[in-house]
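Asks: upload.cif is reproduced in full below (mmCIF, C-alpha atoms and all ligand atoms).
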```cif
data_upload
#
loop_
_atom_site.label_atom_id
_atom_site.label_comp_id
_atom_site.auth_asym_id
_atom_site.auth_seq_id
_atom_site.Cartn_x
_atom_site.Cartn_y
_atom_site.Cartn_z
CA MET A 1 113.32 111.60 72.08
CA LYS A 2 115.85 111.42 74.92
CA LYS A 3 118.50 108.75 74.50
CA VAL A 4 118.84 105.93 77.03
CA ASP A 5 122.18 104.34 77.92
CA VAL A 6 121.25 100.77 78.81
CA ASP A 7 124.47 100.36 80.80
CA ALA A 8 123.22 102.99 83.26
CA LEU A 9 120.16 100.87 84.04
CA PHE A 10 121.93 97.94 85.73
CA ILE A 11 124.34 97.42 88.62
CA GLY A 12 126.64 95.94 85.99
CA PRO A 13 128.27 92.48 85.65
CA LYS A 14 131.32 93.74 87.58
CA SER A 15 129.26 95.99 89.87
CA GLU A 16 130.52 98.92 87.80
CA ASN A 17 127.62 101.12 88.97
CA ARG A 18 128.00 100.15 92.65
CA ASP A 19 128.67 103.69 93.88
CA TYR A 20 125.42 104.93 92.37
CA PHE A 21 123.52 101.88 93.65
CA LYS A 22 124.89 102.12 97.20
CA GLY A 23 124.46 105.90 97.34
CA MET A 24 120.88 105.65 96.18
CA LEU A 25 120.10 102.77 98.55
CA ASN A 26 121.61 104.72 101.43
CA PHE A 27 119.53 107.76 100.54
CA LEU A 28 116.32 105.75 100.27
CA VAL A 29 116.92 103.90 103.55
CA ASP A 30 117.71 107.21 105.29
CA GLU A 31 114.50 108.67 103.91
CA HIS A 32 112.58 105.80 105.45
CA LEU A 33 114.39 106.01 108.79
CA PHE A 34 113.74 109.76 109.03
CA TRP A 35 110.14 109.19 108.04
CA ARG A 36 109.70 106.78 110.99
CA ARG A 37 111.51 109.08 113.36
CA ASP A 38 109.52 112.14 112.32
CA PHE A 39 106.12 110.51 112.69
CA HIS A 40 104.75 112.28 115.78
CA PRO A 41 108.14 113.81 116.63
CA ASN A 42 107.11 114.46 120.22
CA ASP A 43 106.57 110.76 120.96
CA GLN A 44 109.27 109.29 123.18
CA GLU A 45 111.56 106.53 121.94
CA TYR A 46 110.14 103.09 122.75
CA ILE A 47 113.43 101.21 122.74
CA LYS A 48 115.41 102.88 125.51
CA ILE A 49 119.20 103.23 125.50
CA ARG A 50 119.50 101.07 128.62
CA GLU A 51 117.67 98.22 126.88
CA ARG A 52 119.91 98.53 123.81
CA TYR A 53 122.94 97.81 126.02
CA SER A 54 121.35 94.89 127.85
CA GLU A 55 122.77 91.39 127.37
CA ASP A 56 119.61 89.88 125.88
CA PHE A 57 119.31 92.72 123.41
CA MET A 58 122.90 92.34 122.25
CA LEU A 59 122.62 88.55 122.04
CA THR A 60 119.46 88.89 119.95
CA GLN A 61 121.23 91.24 117.57
CA GLU A 62 124.20 88.89 117.41
CA ARG A 63 121.92 86.03 116.34
CA MET A 64 120.39 88.24 113.65
CA THR A 65 123.87 89.17 112.43
CA GLU A 66 124.94 85.53 112.31
CA THR A 67 121.81 84.56 110.39
CA LEU A 68 122.29 87.35 107.85
CA HIS A 69 125.98 86.47 107.41
CA GLU A 70 125.03 82.86 106.82
CA LEU A 71 122.35 83.85 104.30
CA SER A 72 124.77 86.07 102.45
CA SER A 73 127.49 83.45 102.30
CA ARG A 74 125.02 80.77 101.14
CA LEU A 75 123.64 83.11 98.45
CA LYS A 76 127.15 83.88 97.21
CA GLU A 77 128.17 80.22 97.27
CA SER A 78 125.96 78.93 94.46
CA SER A 79 123.51 81.54 93.16
CA MET A 80 123.20 81.85 89.40
CA PRO A 81 125.27 84.72 87.94
CA TRP A 82 122.40 86.15 85.85
CA ALA A 83 124.25 89.46 85.44
CA SER A 84 127.30 87.93 83.80
CA PRO A 85 127.45 87.92 80.00
CA ARG A 86 128.97 84.42 80.43
CA TYR A 87 125.55 83.15 81.56
CA LEU A 88 123.09 82.14 78.85
CA GLY A 89 121.73 78.93 80.33
CA HIS A 90 118.27 79.99 81.45
CA MET A 91 115.58 82.51 80.56
CA ASN A 92 116.41 84.67 83.60
CA SER A 93 118.70 87.65 83.26
CA ASP A 94 119.79 90.61 85.35
CA THR A 95 117.12 92.84 86.87
CA LEU A 96 116.99 96.61 86.50
CA ALA A 97 118.76 98.56 89.25
CA VAL A 98 115.80 100.90 89.57
CA ALA A 99 113.49 97.92 90.11
CA ASN A 100 115.78 96.53 92.81
CA LEU A 101 115.96 99.89 94.57
CA ALA A 102 112.22 100.43 94.31
CA TYR A 103 111.58 96.93 95.69
CA LEU A 104 114.00 97.30 98.60
CA THR A 105 112.59 100.72 99.49
CA THR A 106 108.94 99.79 99.23
CA ILE A 107 109.35 96.69 101.37
CA LEU A 108 110.38 98.92 104.27
CA TYR A 109 106.94 100.58 104.15
CA ASN A 110 105.24 97.16 103.95
CA PRO A 111 102.13 98.26 102.04
CA ASN A 112 99.27 95.79 101.68
CA ASN A 113 97.41 96.40 98.44
CA VAL A 114 94.53 94.17 99.45
CA ALA A 115 92.97 97.14 101.28
CA TYR A 116 93.32 100.75 100.15
CA GLU A 117 93.68 102.04 103.72
CA ALA A 118 96.71 99.77 104.19
CA SER A 119 98.33 100.96 100.96
CA PRO A 120 97.15 104.42 99.89
CA VAL A 121 100.36 105.05 97.96
CA THR A 122 100.97 101.69 96.31
CA THR A 123 97.31 101.09 95.43
CA ALA A 124 97.30 104.45 93.61
CA LEU A 125 100.54 103.41 91.88
CA GLU A 126 99.02 100.05 90.95
CA ILE A 127 96.03 101.78 89.33
CA GLU A 128 98.38 104.16 87.50
CA ALA A 129 100.55 101.28 86.24
CA GLY A 130 97.45 99.38 85.08
CA LYS A 131 96.30 102.37 83.04
CA GLN A 132 99.78 102.86 81.56
CA LEU A 133 99.89 99.22 80.48
CA ALA A 134 96.36 99.41 79.07
CA GLU A 135 97.30 102.49 77.06
CA MET A 136 100.47 100.82 75.82
CA LEU A 137 98.36 97.90 74.56
CA GLY A 138 95.85 100.18 72.81
CA TYR A 139 93.00 100.15 75.33
CA ASP A 140 91.21 103.27 76.53
CA PRO A 141 92.90 104.08 79.88
CA GLY A 142 89.71 105.84 80.99
CA LYS A 143 87.80 102.55 80.86
CA SER A 144 90.57 100.07 81.73
CA TRP A 145 92.19 98.89 84.89
CA GLY A 146 94.85 96.40 85.76
CA HIS A 147 96.00 94.37 88.69
CA ILE A 148 99.63 93.77 89.57
CA THR A 149 100.45 90.20 90.47
CA CYS A 150 103.61 88.80 92.00
CA ASP A 151 104.54 86.84 88.87
CA GLY A 152 103.46 85.34 85.55
CA THR A 153 101.95 82.23 87.12
CA VAL A 154 99.53 84.18 89.29
CA ALA A 155 98.71 86.49 86.35
CA ASN A 156 97.71 83.42 84.35
CA TYR A 157 95.70 82.06 87.29
CA GLU A 158 93.81 85.35 87.49
CA ALA A 159 93.12 85.32 83.76
CA LEU A 160 91.62 81.83 83.90
CA TRP A 161 89.73 82.63 87.09
CA LEU A 162 88.16 85.69 85.42
CA ALA A 163 87.41 83.85 82.17
CA ARG A 164 85.72 81.07 84.16
CA ASN A 165 83.67 83.50 86.23
CA VAL A 166 82.62 85.80 83.40
CA LYS A 167 81.49 82.90 81.21
CA THR A 168 78.57 82.02 83.46
CA ILE A 169 77.63 85.53 84.67
CA PRO A 170 74.73 85.75 82.14
CA LEU A 171 73.27 82.53 83.63
CA ALA A 172 73.40 84.14 87.08
CA ILE A 173 71.77 87.27 85.64
CA LYS A 174 68.98 85.11 84.22
CA GLU A 175 68.25 83.86 87.75
CA VAL A 176 68.46 87.25 89.47
CA LYS A 177 67.08 89.66 86.85
CA PRO A 178 65.69 87.64 83.90
CA GLU A 179 64.30 90.72 82.12
CA LEU A 180 67.89 91.83 81.39
CA VAL A 181 68.55 88.74 79.25
CA ASN A 182 65.01 88.08 78.12
CA GLY A 183 64.42 85.58 75.34
CA LYS A 184 68.02 84.39 75.11
CA SER A 185 68.80 80.69 74.85
CA GLU A 186 71.43 79.11 77.11
CA TRP A 187 73.84 78.95 74.14
CA GLU A 188 73.32 82.68 73.52
CA LEU A 189 73.83 83.46 77.19
CA LEU A 190 77.05 81.45 77.27
CA ASN A 191 78.25 83.42 74.23
CA THR A 192 77.55 86.88 75.58
CA PRO A 193 80.49 89.16 74.72
CA VAL A 194 82.59 90.07 77.76
CA SER A 195 81.92 93.81 77.26
CA GLU A 196 78.17 93.13 77.34
CA CYS A 197 78.55 91.07 80.55
CA LEU A 198 80.43 93.91 82.18
CA ASP A 199 77.87 96.50 81.04
CA MET A 200 75.08 94.40 82.54
CA LEU A 201 77.05 94.06 85.78
CA ASP A 202 77.37 97.86 85.92
CA ILE A 203 73.58 98.17 85.67
CA LEU A 204 73.08 95.52 88.37
CA LYS A 205 75.63 97.15 90.66
CA LYS A 206 73.69 100.42 90.44
CA GLU A 207 70.53 98.51 91.37
CA GLY A 208 72.26 96.92 94.37
CA LEU A 209 72.08 93.42 92.86
CA PHE A 210 75.80 92.69 92.51
CA GLU A 211 76.00 90.52 95.64
CA ALA A 212 72.94 88.53 94.50
CA ILE A 213 74.68 87.86 91.17
CA LYS A 214 77.84 86.73 92.94
CA ASP A 215 75.71 84.35 95.04
CA ARG A 216 74.36 82.71 91.88
CA SER A 217 77.71 82.60 90.10
CA VAL A 218 80.32 79.86 89.78
CA ARG A 219 82.06 81.33 92.84
CA VAL A 220 79.25 80.07 95.05
CA LYS A 221 77.64 77.30 92.98
CA GLY A 222 80.90 75.68 91.88
CA ILE A 223 81.99 74.90 88.37
CA ASP A 224 79.70 73.31 85.79
CA LEU A 225 82.02 72.29 82.98
CA LYS A 226 79.20 71.80 80.47
CA LYS A 227 78.54 75.50 80.83
CA CYS A 228 82.08 76.85 81.20
CA GLY A 229 83.27 74.73 78.27
CA LYS A 230 86.81 74.51 76.93
CA PHE A 231 89.93 76.63 77.32
CA LEU A 232 92.28 76.75 74.33
CA VAL A 233 96.04 77.10 74.73
CA PRO A 234 98.88 76.75 72.22
CA GLN A 235 101.13 73.68 72.59
CA SER A 236 103.85 76.18 73.52
CA ARG A 237 101.96 77.36 76.63
CA HIS A 238 103.81 77.72 79.93
CA TYR A 239 103.13 74.92 82.41
CA SER A 240 101.45 77.40 84.77
CA TRP A 241 98.33 77.03 82.57
CA VAL A 242 98.22 73.32 83.36
CA LYS A 243 98.44 74.10 87.07
CA ALA A 244 95.72 76.75 86.61
CA ALA A 245 93.41 74.18 85.00
CA ASP A 246 93.99 72.00 88.04
CA ILE A 247 93.47 74.74 90.64
CA PHE A 248 90.31 76.23 89.12
CA GLY A 249 88.61 72.89 88.61
CA ILE A 250 88.74 73.12 84.81
CA GLY A 251 90.50 69.79 84.45
CA GLN A 252 93.40 69.26 82.11
CA GLU A 253 91.28 67.52 79.47
CA ASN A 254 89.25 70.71 79.08
CA MET A 255 92.41 72.69 78.38
CA VAL A 256 92.72 71.98 74.68
CA PRO A 257 96.17 72.26 73.02
CA ILE A 258 96.39 74.07 69.68
CA GLN A 259 99.19 73.01 67.34
CA VAL A 260 102.07 75.37 66.62
CA ASP A 261 103.72 75.99 63.23
CA GLU A 262 107.39 75.54 62.29
CA HIS A 263 108.13 78.89 64.03
CA PHE A 264 106.42 77.70 67.23
CA ARG A 265 103.56 80.13 66.71
CA MET A 266 99.98 79.03 67.22
CA ASP A 267 98.69 77.47 63.99
CA LEU A 268 95.69 79.62 63.11
CA GLU A 269 94.13 77.08 60.79
CA HIS A 270 94.19 74.48 63.54
CA LEU A 271 92.79 77.04 65.99
CA LYS A 272 89.89 77.77 63.64
CA LYS A 273 89.24 74.07 63.09
CA VAL A 274 89.09 73.43 66.84
CA ILE A 275 86.79 76.43 67.47
CA ASP A 276 84.47 75.39 64.62
CA GLY A 277 84.41 71.81 65.93
CA PHE A 278 83.28 72.98 69.37
CA ILE A 279 80.68 75.35 67.89
CA ALA A 280 79.26 72.46 65.85
CA GLU A 281 78.88 70.44 69.06
CA LYS A 282 77.54 73.48 70.95
CA ILE A 283 80.40 73.34 73.45
CA PRO A 284 81.19 76.83 74.78
CA ILE A 285 84.73 78.23 74.78
CA MET A 286 85.82 79.96 77.97
CA GLY A 287 88.92 81.57 76.57
CA ILE A 288 91.88 81.35 74.22
CA VAL A 289 95.47 82.05 75.18
CA ALA A 290 97.95 83.67 72.80
CA VAL A 291 101.56 83.89 74.01
CA VAL A 292 103.79 86.91 73.54
CA GLY A 293 107.20 85.36 74.02
CA THR A 294 106.99 81.61 74.64
CA THR A 295 109.14 80.29 77.47
CA GLU A 296 111.36 77.98 75.48
CA GLU A 297 111.34 79.45 71.97
CA ARG A 298 110.63 83.18 72.42
CA ALA A 299 107.93 82.82 69.76
CA ILE A 300 105.24 85.47 69.49
CA ASP A 301 101.75 84.36 68.54
CA HIS A 302 99.79 86.30 65.91
CA VAL A 303 97.83 88.20 68.57
CA ASP A 304 96.42 90.76 66.12
CA THR A 305 95.08 88.13 63.69
CA ILE A 306 93.72 86.04 66.57
CA ALA A 307 91.94 89.11 68.00
CA GLU A 308 90.42 89.85 64.56
CA MET A 309 89.38 86.21 64.22
CA LEU A 310 87.63 86.32 67.61
CA GLU A 311 85.89 89.60 66.75
CA GLU A 312 84.59 87.87 63.63
CA TYR A 313 83.27 84.97 65.75
CA GLU A 314 81.67 87.47 68.12
CA ARG A 315 79.83 89.08 65.19
CA LYS A 316 78.46 85.59 64.43
CA GLY A 317 77.28 85.17 68.03
CA VAL A 318 80.16 83.13 69.46
CA SER A 319 82.19 84.60 72.28
CA CYS A 320 85.48 82.84 73.04
C1 LIG B 1 105.35 82.64 78.85
C2 LIG B 1 105.40 82.49 80.34
N1 LIG B 1 104.27 82.59 81.05
C3 LIG B 1 104.28 82.46 82.40
C4 LIG B 1 105.45 82.25 83.10
C5 LIG B 1 105.40 82.10 84.60
O1 LIG B 1 105.99 83.20 85.19
P1 LIG B 1 106.58 83.15 86.68
O2 LIG B 1 107.77 82.26 86.64
O3 LIG B 1 106.90 84.60 86.92
O4 LIG B 1 105.49 82.65 87.56
C6 LIG B 1 106.66 82.16 82.42
C7 LIG B 1 107.91 81.94 83.15
O5 LIG B 1 108.89 81.63 82.59
C8 LIG B 1 106.65 82.27 81.00
O6 LIG B 1 107.77 82.16 80.28
#
```
Written as C-alpha cells, how would this file's structure read?
Ligand SMILES: Cc1ncc(COP(=O)(O)O)c(C=O)c1O

Replies:
Amino acid sequence: MKKVDVDALFIGPKSENRDYFKGMLNFLVDEHLFWRRDFHPNDQEYIKIRERYSEDFMLTQERMTETLHELSSRLKESSMPWASPRYLGHMNSDTLAVANLAYLTTILYNPNNVAYEASPVTTALEIEAGKQLAEMLGYDPGKSWGHITCDGTVANYEALWLARNVKTIPLAIKEVKPELVNGKSEWELLNTPVSECLDMLDILKKEGLFEAIKDRSVRVKGIDLKKCGKFLVPQSRHYSWVKAADIFGIGQENMVPIQVDEHFRMDLEHLKKVIDGFIAEKIPIMGIVAVVGTTEERAIDHVDTIAEMLEEYERKGVSC
C-alpha cells in the first residue's frame, strides 16, 4: 500500500503548505475562467471595455472590495484557530486542503444537485460517493445508493424522515393494492422489514402505482403516531435528533432515550428491555439510532451487536 504523509494533506498550522495551496487554487480558478471564456468562443464579450472604465462600474467594484476586506478582517479578528495544535477546546479541527480546494472550485460552477440537468457532473459524483460509502460499510454497491447532505443535522433529519415514511408504507399498500399484503394484520404490516417494503415499492413502481402509494402515505395523510410508534436513541445522542423529532411531528416524548454504560456506549440490556416492553404493548418501533463517535465522549456504540439483535427481532416478526 502507498504511504500517506498526513502533513501533506493540510495547509498547515503555520501555512507551511501555502505555496502548494495557492498554486493549486490559482490553477483551478484559471481552469474555470478559461472554461467560461471558451464556451462558444465566437460569442462577443458582454461586459464591454468602455463599461469597465465607467464610474458606476468602478464604484461598484470598490464597494465589493471594501466588503470583502471587511469580511476578511472580521474573520481574522476572532475566528477559532482550529488548525493550531494549541486549540483543543471544541470538536472541530482543521479541514483537509483537498476538501477546501474542491469546495472553492465547485462553487464556481454552482451545480444544483436537486435536478440532474442542473448538475450532470456533481450528481454523478454524488452517486459514486454513495456507492463508495456503501461498499466501505459492507453493503452491495450494486444495490445501494446514498445522498450527500450539507451536514450531520440534515443527515439525521433525512434518516428520521425515511424511517417515518417507510414505517407506514405497507398500510398505504394495503389501501392501493391489498392483494400484495393479503391476510396481514396491522401489527404485521407495521413490522414489515424495510427490504420487503422496498421490494414491494419496486413492484408497484413497475405497475405505475408509486404516485398512488405516495398519496396514501404519511407524506399526504400526516403522521399517525399510534402507527409510526417510537424512535429509540441513546442518551448520548446529538441534539439534532431532538430537533428532528420536533420537525417531523414525532414529538419528543416518542423519542425514547436508552441508557448508556460507564463507557458512554448504549446499554444493550436496557435497549432490549425497552424494545421488549414496546412489543408487549404492541407499540411499533420506527427506528433505533446507534452512534459512531458521540459528540461529547467520542464513544462508539456496539453497532454490530445491535444490528445482529435487530436481525434476530426481524426473524421473530418485529422490524425496528
Ligand atoms: C454525533 C453527531 N451527530 C450529528 C452532529 C450534527 O452535525 P452538524 O453539526 O454537521 O449538523 C454532530 C455534530 O457535532 C455530531 O457530533

Asks: Got a sec: who's within 8 Å of A:Leu160, counting all atoms listed in the file, leaving out chain neighbours fewer than 5 positions off, as a PDB file with C-alpha atoms, keeping the file's coordinate frame?

Replies:
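Saved the output as around.pdb:
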```pdb
ATOM      1  CA  ALA A 244      95.720  76.750  86.610  1.00  0.00           C
ATOM      2  CA  ALA A 245      93.410  74.180  85.000  1.00  0.00           C
ATOM      3  CA  PHE A 248      90.310  76.230  89.120  1.00  0.00           C
ATOM      4  CA  GLY A 287      88.920  81.570  76.570  1.00  0.00           C
TER       5      GLY A 287
END
```

Asks: For a quick check of understanding, using all atoms listed in the file, which of A:Leu68, A:Leu108, A:Ile173, A:Ala290 has the smallest distance to ligand LIG 1 (chain B)?

Replies: A:Ala290

Asks: Taking only C-alpha atoms and all ligand atoms into account, which residues are within 10 Å of ligand LIG 1 (chain B), as a list in words?

Replies: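 The distance check yields His90, Met91, Asn92, Thr149, Cys150, Asp151, Gly152, Thr153, Val154, Ala155, Asn156, Tyr157, Ser236, Arg237, His238, Tyr239, Ser240, Trp241, Ala290, Val291, Val292, Gly293, Thr294, Thr295, Glu296, Glu297, Arg298, Ala299 and Ile300 of chain A.
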
Asks: From the set A:Asn26, A:Ser54, A:Ser217, A:Gln252, which residue has the shortest atom-to-atom contact distance to A:Lys230, counting only C-alpha atoms?

Replies: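 Ranking A:Asn26, A:Ser54, A:Ser217, A:Gln252 by distance to A:Lys230, first place goes to A:Gln252.
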
Asks: Could you check the closest approach to A:Lys131 for each of A:Ile148, A:His69, A:Tyr109, A:Val260 and tell me which residue wins, using only C-alpha atoms?

Replies: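 Checking each candidate against A:Lys131, we get A:Ile148 as the closest.
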
Asks: Using only C-alpha atoms, can you tell me which of A:Ile283, A:Leu268, A:Leu198, A:Val98 comes closest to A:Ala8?

Replies: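 Of the candidates, the smallest distance to A:Ala8 is held by A:Val98.
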
Asks: Applying 10 Å and only C-alpha atoms, which residues near A:Val166 remain after dropping the ones on its own chain fewer than 4 positions away? List them as a list in words.

Replies: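 Here the answer would be Leu160, Trp161, Leu162, Pro170, Leu171, Leu190, Thr192, Pro193, Val194, Cys197, Leu198, Ser217, Val218, Cys228 and Met286 of chain A.
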
Asks: What gap, in Å, lies between atom CA of A:Lys227 and atom CA of A:Asn191?

Replies: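 These atoms are spaced 10.3 Å apart.
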
Asks: Calculate how many Å separate atom CA of A:Lys167 from atom CA of A:Gly208, rounding to one decimal.

Replies: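 It comes out at 21.3 Å.
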
Asks: If you measure from atom CA of A:Leu33 to atom CA of A:Met58, what distance in Å do you get, rounded to one decimal?

Replies: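 Computing it gives 21.0 Å between the two atoms.
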
Asks: When distances are computed from only C-alpha atoms, which of A:Lys143, A:Ile127, A:Lys282, A:Val289 shows the smallest separation from A:Ser195?

Replies: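 For A:Ser195, the nearest of the given residues is A:Lys143.
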